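*Asks:* I have a structure here, written as structure tokens, and I will follow up with some questions on it.
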Amino acid sequence: MTIIEDAPVAQRTPDVTAHRPAPPHPTGDKPVSSSANRVADLVELREKVQRGPSARATEAQHAKGKLTARERIDLLFDEGTFTEVEGLRRHRATGFGMEAKRPHSDGVITGWGLVDGREVFVYAHDFRIFGGALGEAHATKIHNVMDLAAAAGAPIVGLCDGAGARIQEGVTALAGYGGIFQRNVRNSGVIPQISVIMGPCAGGAAYSPALTDFVFMVRETSQMFITGPDVVQAVTGERITQNELGGADVHTGVSGVAQFAHDTEEECLQEVRFLLSLLPANNRELPPRAVVDDPEDRRTDSLVDLVPAERGRSYDMHRVIEEIADDGEYFAVHERWAGNVICALARMGGQVVGMVANQPSDLAGVLDISSSEKAARFVQFCDAFNIPLVTLVDVPGFLPGVDQEHGGVIRHGAKLLYAYCNATVPRISVVLRKAYGGAYIVMDSQSIGADLTLAWPTNEIAVMGAEGAANVIFRREIAASDDPEGTRARLIEEYQSKLMHPYYAAEHGLVDDVIHPGETRIKLIAALRMLRAKHSALPSRKHGNQPQ
């Protein structure tokens with residue numbers, strides 16, 4: 001390889017005229033367009049943009065019980081860390097008086113800042129400007145900040161408080177929504193996307209939150225719907241309020257569109273910050289570890305008395321999660337919807353894990369349409385962002401019924417099965433008590449790829465309960481007996497002793513170990529540490545065709 005030396009610099013005769021002072025200004029004063037004046041203009045303009053359109057508009061926002069977009073941003077980010085981009089952007093629409101109304105920011109604030117010292121991007125609709133309605137410039141700002149978030153590999157939060165598409169700009173506003181949806185999908189599973197509904201979110205605007213990973217809502221002040229109450233009444237004759245149609249409690253407890261509902265914006269944004277502390281910045285990173293005081297070798301002997309051995313008695317699975325999680329702390333997702341399954345983020349030994357658990361105190365912990373969909377979505381999210389899965393199993397089966405069958409329980413149950421089978425993150429399951437039939441298979445059994453399957457000595461892993469099995473297998477013998485009830489009881493006990501004793505699954509290699517409940521936390525943390533570097537590749541393909 002040849003190295004070229006620096007060539008000598010040619011010498012030239014100094015130009016004495018180059019350093020002559022400029023002639024004095026004709027008036028003897030500073031030029032009107034001096035740098036100092038321009039900087040002063042910039043400072044004044046920025047202050048005007050920061051204040052917003054008017055004090056009256058700010059008062060009207062507060063009168064509705066809502067904060068302004070900038071007040072929300074201040075609550076979301078660490079103090080003094082927010083950097084705004086395109087704050088001086090203005091629309092270029094004409095007609096309908098739009099050329100006379102060109103406020104800076106165009107009704108949306110975009111930029112980035114720090115949440116607990118970690119970078120996060122944001123866009124926040126400013127309802128004080130055009131009611132937060134989306135126009136061409138407004139949409140372009142959102143497109144740009146979404147692209148920035150993807151390039152930087154950092155989460156993005158949308159603070160939604162807008163009146164839909166800006167009608168004065170026509171179809172260009174609708175095209176702006178298309179660009180947002182396309183980026184929502186492109187960034188799905190790449191960076192965490194969080195939507196926070198803090199006002200109206202109607203029509204096409206409601207689809208973007210539905211495409212993101214988590215949706216937060218504020219009670220009384222936020223609503224989401226495709227068609228509003230007036231349209232509903234005109235078409236169906238039904239009278240309904242905005243909150244009854246698409247309020248926070250409706251979407252977190254009935255439709256399942258939103259995962260979280262809070263009473264105040266301050267509380268809501270604090271919970272958004274906490275959720276972000278549990279998530280990796282992107283799909284190439286592991287979730288952030290934390291230093292915790294809870295000892296990794298802490299025993300959980302209280303679980304022995306907490307979970308009754310009798311399979312017909314209920315208990316609260318939340319208490320099991322509290323016992324095994326670091327400091328008893330966990331972050332429940334979709335807590336008020338499909339309560340028969342629990343999905344939660346927690347830490348164990350400082351490592352973030354996703355927990356999926358049947359809830360015996362709600363529908364006996366059965367799987368049904370809603371719970372299958374809820375758990376499947378959560379499993380897919382955890383797998384996308386490298387969050388290990390811990391599954392706590394106590395499931396009697398799928399919920400029987402005409403409504404379930406006609407509603408597509410097969411299709412929805414297959415979603416959860418697909419999500420687990422497709423997951424490549426560390427997967428550990430613990431069978432606490434019942435694990436019957438197809439529901440046992442679906443709840444991350446060893447046969448569908450769980451890395452480690454543990455069971456308590458109270459486990460019953462079987463095709464169905466002993467009573468049902470005996471009635472099917474021995475129905476003729478029972479019918480022909482002089483004492484049908486006595487014969488049934490004897491045959492049930494015989495079936496249990498042969499096929500449903502606590503060690504049957506372990507003897508046949510269906511579980512890796514039967515453990516003392518008091519060792520549950522210790523065993524799980526050890527397994528998570530062992531699997532931390534797990535690598536599992538899927539077959540080469542464009543994408544799977546998962547059940548819908």
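Ordered as shown in the structure tokens, chains take letters A, B, and onward, while each chain numbers its residues from 1 and ligands are numbered from 1 in the order shown.
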If we count only C-alpha atoms and set the cut-off at 9 Å, which residues sit around Lys141 in chain A, ignoring sequence neighbours fewer than 5 positions away in its own chain? Please answer as a list in words.
*Replies:*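 Counting only the stated atoms, we get Val85, Glu86, Arg89, Ser105, Val108, Ile109, Thr110, Tyr123, Glu136 and Met146 of chain A.
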*Asks:* Go ahead and write the selection's residues with all heavy atoms as a PDB file, in the first residue's frame.
*Replies:*
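What follows is the written file part_3.pdb:
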```
ATOM      1  N   VAL A  85     -38.493  19.370  17.615  1.00  0.00           N
ATOM      2  CA  VAL A  85     -38.121  19.496  16.206  1.00  0.00           C
ATOM      3  C   VAL A  85     -39.324  19.998  15.422  1.00  0.00           C
ATOM      4  O   VAL A  85     -40.464  19.703  15.755  1.00  0.00           O
ATOM      5  CB  VAL A  85     -37.619  18.153  15.614  1.00  0.00           C
ATOM      6  CG1 VAL A  85     -36.279  17.780  16.200  1.00  0.00           C
ATOM      7  CG2 VAL A  85     -38.632  17.037  15.819  1.00  0.00           C
ATOM      8  N   GLU A  86     -39.055  20.764  14.412  1.00  0.00           N
ATOM      9  CA  GLU A  86     -40.079  21.326  13.525  1.00  0.00           C
ATOM     10  C   GLU A  86     -41.120  22.154  14.285  1.00  0.00           C
ATOM     11  O   GLU A  86     -42.299  22.162  13.927  1.00  0.00           O
ATOM     12  CB  GLU A  86     -40.776  20.227  12.712  1.00  0.00           C
ATOM     13  CG  GLU A  86     -39.837  19.494  11.752  1.00  0.00           C
ATOM     14  CD  GLU A  86     -40.586  18.662  10.743  1.00  0.00           C
ATOM     15  OE1 GLU A  86     -40.954  19.201   9.683  1.00  0.00           O
ATOM     16  OE2 GLU A  86     -40.809  17.463  11.020  1.00  0.00           O
ATOM     17  N   ARG A  89     -42.860  24.760  12.026  1.00  0.00           N
ATOM     18  CA  ARG A  89     -43.569  24.272  10.835  1.00  0.00           C
ATOM     19  C   ARG A  89     -44.964  24.901  10.759  1.00  0.00           C
ATOM     20  O   ARG A  89     -45.663  25.029  11.771  1.00  0.00           O
ATOM     21  CB  ARG A  89     -43.686  22.748  10.895  1.00  0.00           C
ATOM     22  CG  ARG A  89     -44.241  22.085   9.644  1.00  0.00           C
ATOM     23  CD  ARG A  89     -43.237  22.111   8.518  1.00  0.00           C
ATOM     24  NE  ARG A  89     -43.737  21.462   7.319  1.00  0.00           N
ATOM     25  CZ  ARG A  89     -43.375  20.234   6.927  1.00  0.00           C
ATOM     26  NH1 ARG A  89     -42.515  19.548   7.647  1.00  0.00           N
ATOM     27  NH2 ARG A  89     -43.848  19.720   5.819  1.00  0.00           N
ATOM     28  N   SER A 105     -46.138  25.267  14.522  1.00  0.00           N
ATOM     29  CA  SER A 105     -46.275  23.893  15.052  1.00  0.00           C
ATOM     30  C   SER A 105     -47.408  23.146  14.367  1.00  0.00           C
ATOM     31  O   SER A 105     -47.429  21.914  14.356  1.00  0.00           O
ATOM     32  CB  SER A 105     -46.446  23.824  16.578  1.00  0.00           C
ATOM     33  OG  SER A 105     -47.783  24.050  16.966  1.00  0.00           O
ATOM     34  N   VAL A 108     -49.276  20.099  16.412  1.00  0.00           N
ATOM     35  CA  VAL A 108     -48.643  18.903  16.965  1.00  0.00           C
ATOM     36  C   VAL A 108     -47.205  19.245  17.347  1.00  0.00           C
ATOM     37  O   VAL A 108     -46.504  19.956  16.627  1.00  0.00           O
ATOM     38  CB  VAL A 108     -48.680  17.721  15.970  1.00  0.00           C
ATOM     39  CG1 VAL A 108     -47.851  18.003  14.717  1.00  0.00           C
ATOM     40  CG2 VAL A 108     -48.226  16.439  16.636  1.00  0.00           C
ATOM     41  N   ILE A 109     -46.790  18.763  18.504  1.00  0.00           N
ATOM     42  CA  ILE A 109     -45.436  19.006  19.005  1.00  0.00           C
ATOM     43  C   ILE A 109     -44.668  17.697  18.906  1.00  0.00           C
ATOM     44  O   ILE A 109     -45.139  16.649  19.368  1.00  0.00           O
ATOM     45  CB  ILE A 109     -45.470  19.500  20.465  1.00  0.00           C
ATOM     46  CG1 ILE A 109     -46.290  20.793  20.557  1.00  0.00           C
ATOM     47  CG2 ILE A 109     -44.060  19.717  21.007  1.00  0.00           C
ATOM     48  CD1 ILE A 109     -46.644  21.183  21.978  1.00  0.00           C
ATOM     49  N   THR A 110     -43.494  17.743  18.289  1.00  0.00           N
ATOM     50  CA  THR A 110     -42.700  16.533  18.102  1.00  0.00           C
ATOM     51  C   THR A 110     -41.277  16.742  18.596  1.00  0.00           C
ATOM     52  O   THR A 110     -40.769  17.860  18.620  1.00  0.00           O
ATOM     53  CB  THR A 110     -42.657  16.140  16.605  1.00  0.00           C
ATOM     54  OG1 THR A 110     -42.059  17.211  15.851  1.00  0.00           O
ATOM     55  CG2 THR A 110     -44.038  15.862  16.065  1.00  0.00           C
ATOM     56  N   TYR A 123     -44.809  12.480  19.973  1.00  0.00           N
ATOM     57  CA  TYR A 123     -45.596  13.493  19.273  1.00  0.00           C
ATOM     58  C   TYR A 123     -46.841  13.726  20.113  1.00  0.00           C
ATOM     59  O   TYR A 123     -47.428  12.795  20.666  1.00  0.00           O
ATOM     60  CB  TYR A 123     -45.928  13.105  17.831  1.00  0.00           C
ATOM     61  CG  TYR A 123     -46.791  11.886  17.650  1.00  0.00           C
ATOM     62  CD1 TYR A 123     -48.184  11.972  17.658  1.00  0.00           C
ATOM     63  CD2 TYR A 123     -46.211  10.630  17.437  1.00  0.00           C
ATOM     64  CE1 TYR A 123     -48.975  10.850  17.470  1.00  0.00           C
ATOM     65  CE2 TYR A 123     -46.992   9.512  17.250  1.00  0.00           C
ATOM     66  CZ  TYR A 123     -48.360   9.617  17.265  1.00  0.00           C
ATOM     67  OH  TYR A 123     -49.147   8.505  17.089  1.00  0.00           O
ATOM     68  N   GLU A 136     -51.844  18.179   6.346  1.00  0.00           N
ATOM     69  CA  GLU A 136     -50.659  17.678   5.648  1.00  0.00           C
ATOM     70  C   GLU A 136     -49.373  17.947   6.426  1.00  0.00           C
ATOM     71  O   GLU A 136     -48.563  17.038   6.646  1.00  0.00           O
ATOM     72  CB  GLU A 136     -50.563  18.336   4.264  1.00  0.00           C
ATOM     73  CG  GLU A 136     -49.347  17.873   3.467  1.00  0.00           C
ATOM     74  CD  GLU A 136     -49.080  18.748   2.252  1.00  0.00           C
ATOM     75  OE1 GLU A 136     -49.549  19.909   2.244  1.00  0.00           O
ATOM     76  OE2 GLU A 136     -48.408  18.276   1.327  1.00  0.00           O
ATOM     77  N   MET A 146     -41.540   9.738  13.716  1.00  0.00           N
ATOM     78  CA  MET A 146     -41.586   8.272  13.741  1.00  0.00           C
ATOM     79  C   MET A 146     -40.376   7.680  13.028  1.00  0.00           C
ATOM     80  O   MET A 146     -39.792   6.686  13.477  1.00  0.00           O
ATOM     81  CB  MET A 146     -42.887   7.775  13.106  1.00  0.00           C
ATOM     82  CG  MET A 146     -44.138   8.106  13.896  1.00  0.00           C
ATOM     83  SD  MET A 146     -45.676   7.596  13.074  1.00  0.00           S
ATOM     84  CE  MET A 146     -45.698   5.842  13.476  1.00  0.00           C
TER      85      MET A 146
END
```
*Asks:* Could you pull out the alpha helix (DSSP H) residues of range 365-539 of chain A, going by DSSP on the backbone, and write them as a PyMOL selection string?
*Replies:* chain A and resi 369-384+402-406+409-422+437-442+466-473+475-480+484-499+504-507+520-530
*Asks:* Within 9 Å of Leu269 in chain A, counting only C-alpha atoms, which residues qualify if same-chain residues fewer than 4 places away don't, as a list in words?
*Replies:* Arg72, Leu75, Leu76, Val196, Phe216, Thr264, Glu265, Arg273 and Phe274 of chain A
*Asks:* With N, CA and C atoms retained, write the just-selected residues as an mmCIF file, in the first residue's frame.
*Replies:*
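Below is the file that was written, selection.cif:
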```cif
data_model
loop_
_atom_site.group_PDB
_atom_site.id
_atom_site.type_symbol
_atom_site.label_atom_id
_atom_site.label_comp_id
_atom_site.auth_asym_id
_atom_site.auth_seq_id
_atom_site.Cartn_x
_atom_site.Cartn_y
_atom_site.Cartn_z
ATOM 1 N N ARG A 72 -48.084 18.174 29.236
ATOM 2 C CA ARG A 72 -48.001 16.711 29.216
ATOM 3 C C ARG A 72 -46.572 16.248 28.919
ATOM 4 N N LEU A 75 -44.404 16.398 31.898
ATOM 5 C CA LEU A 75 -44.630 15.304 32.849
ATOM 6 C C LEU A 75 -44.031 13.993 32.355
ATOM 7 N N LEU A 76 -43.990 13.823 31.044
ATOM 8 C CA LEU A 76 -43.472 12.574 30.491
ATOM 9 C C LEU A 76 -41.961 12.471 30.623
ATOM 10 N N VAL A 196 -51.221 7.224 24.063
ATOM 11 C CA VAL A 196 -51.874 7.735 25.274
ATOM 12 C C VAL A 196 -53.032 8.615 24.816
ATOM 13 N N PHE A 216 -53.054 3.675 26.560
ATOM 14 C CA PHE A 216 -53.482 4.238 27.839
ATOM 15 C C PHE A 216 -54.633 5.200 27.578
ATOM 16 N N THR A 264 -56.441 10.462 36.250
ATOM 17 C CA THR A 264 -55.864 11.773 35.938
ATOM 18 C C THR A 264 -54.753 11.617 34.913
ATOM 19 N N GLU A 265 -54.474 12.706 34.220
ATOM 20 C CA GLU A 265 -53.395 12.692 33.244
ATOM 21 C C GLU A 265 -52.041 12.524 33.925
ATOM 22 N N ARG A 273 -44.291 6.235 32.136
ATOM 23 C CA ARG A 273 -42.859 6.253 32.469
ATOM 24 C C ARG A 273 -42.428 4.926 33.087
ATOM 25 N N PHE A 274 -43.262 4.375 33.975
ATOM 26 C CA PHE A 274 -42.909 3.108 34.619
ATOM 27 C C PHE A 274 -42.866 1.975 33.599
#
```
*Asks:* Output as a PyMOL selection string all residues of range 422-476 of chain A that backbone DSSP marks as strand (DSSP E).
*Replies:* chain A and resi 427-436+452-455+460-462
*Asks:* Between A:Val232, A:Ser497, A:Pro539, A:Ala281, which residue has the minimum interatomic distance to Glu119 in chain A, considering only C-alpha atoms?
*Replies:*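 Result for the nearest residue to Glu119 in chain A: A:Ala281.
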*Asks:* Identify, on the basis of only C-alpha atoms, every residue whose closest approach to Thr458 in chain A does not exceed 8 Å; exclude the query and any residue fewer than 5 positions from it along the same chain; express the result as number ranges by chain.
*Replies:* A: 309, 432-433, 502
*Asks:* If you keep N, CA, C and O atoms, can you produce a file of those selected residues as a JSON list (two decimals), in the first residue's frame?
*Replies:*
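Writing the result to result38.json gives the following:
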```json
[["chain", "number", "residue", "atom", "x", "y", "z"],
["A", 309, "ALA", "N", -54.82, -27.60, 47.61],
["A", 309, "ALA", "CA", -54.62, -28.83, 46.82],
["A", 309, "ALA", "C", -55.91, -29.26, 46.14],
["A", 309, "ALA", "O", -55.86, -29.87, 45.06],
["A", 432, "LEU", "N", -49.05, -25.45, 38.47],
["A", 432, "LEU", "CA", -49.35, -25.36, 39.90],
["A", 432, "LEU", "C", -50.35, -26.43, 40.32],
["A", 432, "LEU", "O", -50.21, -27.03, 41.39],
["A", 433, "ARG", "N", -51.36, -26.64, 39.47],
["A", 433, "ARG", "CA", -52.44, -27.55, 39.88],
["A", 433, "ARG", "C", -53.02, -28.20, 38.63],
["A", 433, "ARG", "O", -52.37, -29.03, 38.03],
["A", 502, "PRO", "N", -49.16, -37.01, 41.00],
["A", 502, "PRO", "CA", -48.27, -35.87, 40.76],
["A", 502, "PRO", "C", -47.02, -36.19, 39.96],
["A", 502, "PRO", "O", -46.42, -35.28, 39.39]]
```
*Asks:* Can you pull out the residues contacting Ala133 in chain A? Cut-off 7 Å, using only C-alpha atoms, and skip same-chain residues under 6 positions away; I want them as a ChimeraX atom specification.
*Replies:* /A:162-166
*Asks:* When you look at Val442 in chain A with a cut-off of 10 Å (counting only C-alpha atoms), what residues show up, excluding the ones that are within fewer than 6 positions of it in the same chain? I need them as a list in words.
*Replies:*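 Once the nearby chain positions are removed, what remains is Leu367, Ser372, Gly397, Gly413, Ala414, Lys415, Leu416, Leu417, Tyr418, Ala419, Tyr420, Cys421 and Ile448 of chain A.
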*Asks:* Write the selection just made, keeping C-alpha atoms, as a PDB file, in the first residue's frame?
*Replies:*
```pdb
ATOM      1  CA  LEU A 367     -59.405 -20.138  28.455  1.00  0.00           C
ATOM      2  CA  SER A 372     -56.803 -16.358  24.393  1.00  0.00           C
ATOM      3  CA  GLY A 397     -59.767 -26.386  29.823  1.00  0.00           C
ATOM      4  CA  GLY A 413     -57.412 -20.315  20.917  1.00  0.00           C
ATOM      5  CA  ALA A 414     -55.168 -21.043  17.942  1.00  0.00           C
ATOM      6  CA  LYS A 415     -53.814 -17.478  18.214  1.00  0.00           C
ATOM      7  CA  LEU A 416     -52.343 -18.250  21.626  1.00  0.00           C
ATOM      8  CA  LEU A 417     -51.015 -21.585  20.425  1.00  0.00           C
ATOM      9  CA  TYR A 418     -49.390 -19.880  17.432  1.00  0.00           C
ATOM     10  CA  ALA A 419     -47.864 -17.135  19.608  1.00  0.00           C
ATOM     11  CA  TYR A 420     -46.198 -19.598  21.974  1.00  0.00           C
ATOM     12  CA  CYS A 421     -44.996 -21.928  19.211  1.00  0.00           C
ATOM     13  CA  ILE A 448     -44.922 -26.926  21.975  1.00  0.00           C
TER      14      ILE A 448
END
```
*Asks:* Just want the 6 Å neighbourhood of Ile428 in chain A, counted on only C-alpha atoms, with same-chain residues fewer than 5 positions away dropped. Output as a PDB file with N, CA, C and O atoms, in the first residue's frame.
*Replies:*
```
ATOM      1  N   VAL A 390     -42.634 -16.444  31.534  1.00  0.00           N
ATOM      2  CA  VAL A 390     -42.900 -17.373  32.635  1.00  0.00           C
ATOM      3  C   VAL A 390     -44.403 -17.618  32.655  1.00  0.00           C
ATOM      4  O   VAL A 390     -45.191 -16.679  32.792  1.00  0.00           O
ATOM      5  N   ALA A 450     -41.654 -25.263  25.212  1.00  0.00           N
ATOM      6  CA  ALA A 450     -41.169 -24.641  26.446  1.00  0.00           C
ATOM      7  C   ALA A 450     -39.759 -25.160  26.748  1.00  0.00           C
ATOM      8  O   ALA A 450     -39.495 -26.355  26.638  1.00  0.00           O
ATOM      9  N   ASP A 451     -38.864 -24.268  27.124  1.00  0.00           N
ATOM     10  CA  ASP A 451     -37.487 -24.673  27.414  1.00  0.00           C
ATOM     11  C   ASP A 451     -37.386 -25.486  28.699  1.00  0.00           C
ATOM     12  O   ASP A 451     -36.582 -26.412  28.795  1.00  0.00           O
ATOM     13  N   LEU A 452     -38.197 -25.135  29.674  1.00  0.00           N
ATOM     14  CA  LEU A 452     -38.164 -25.827  30.962  1.00  0.00           C
ATOM     15  C   LEU A 452     -39.578 -25.861  31.526  1.00  0.00           C
ATOM     16  O   LEU A 452     -40.265 -24.838  31.558  1.00  0.00           O
ATOM     17  N   THR A 453     -40.013 -27.038  31.935  1.00  0.00           N
ATOM     18  CA  THR A 453     -41.350 -27.205  32.503  1.00  0.00           C
ATOM     19  C   THR A 453     -41.224 -27.780  33.903  1.00  0.00           C
ATOM     20  O   THR A 453     -40.675 -28.873  34.087  1.00  0.00           O
TER      21      THR A 453
END
```
*Asks:* How many Å lie between CA of Gly401 in chain A and CA of Ser314 in chain A, rounded to one decimal?
*Replies:*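 We find that CA of Gly401 in chain A and CA of Ser314 in chain A lie 21.6 Å from each other.
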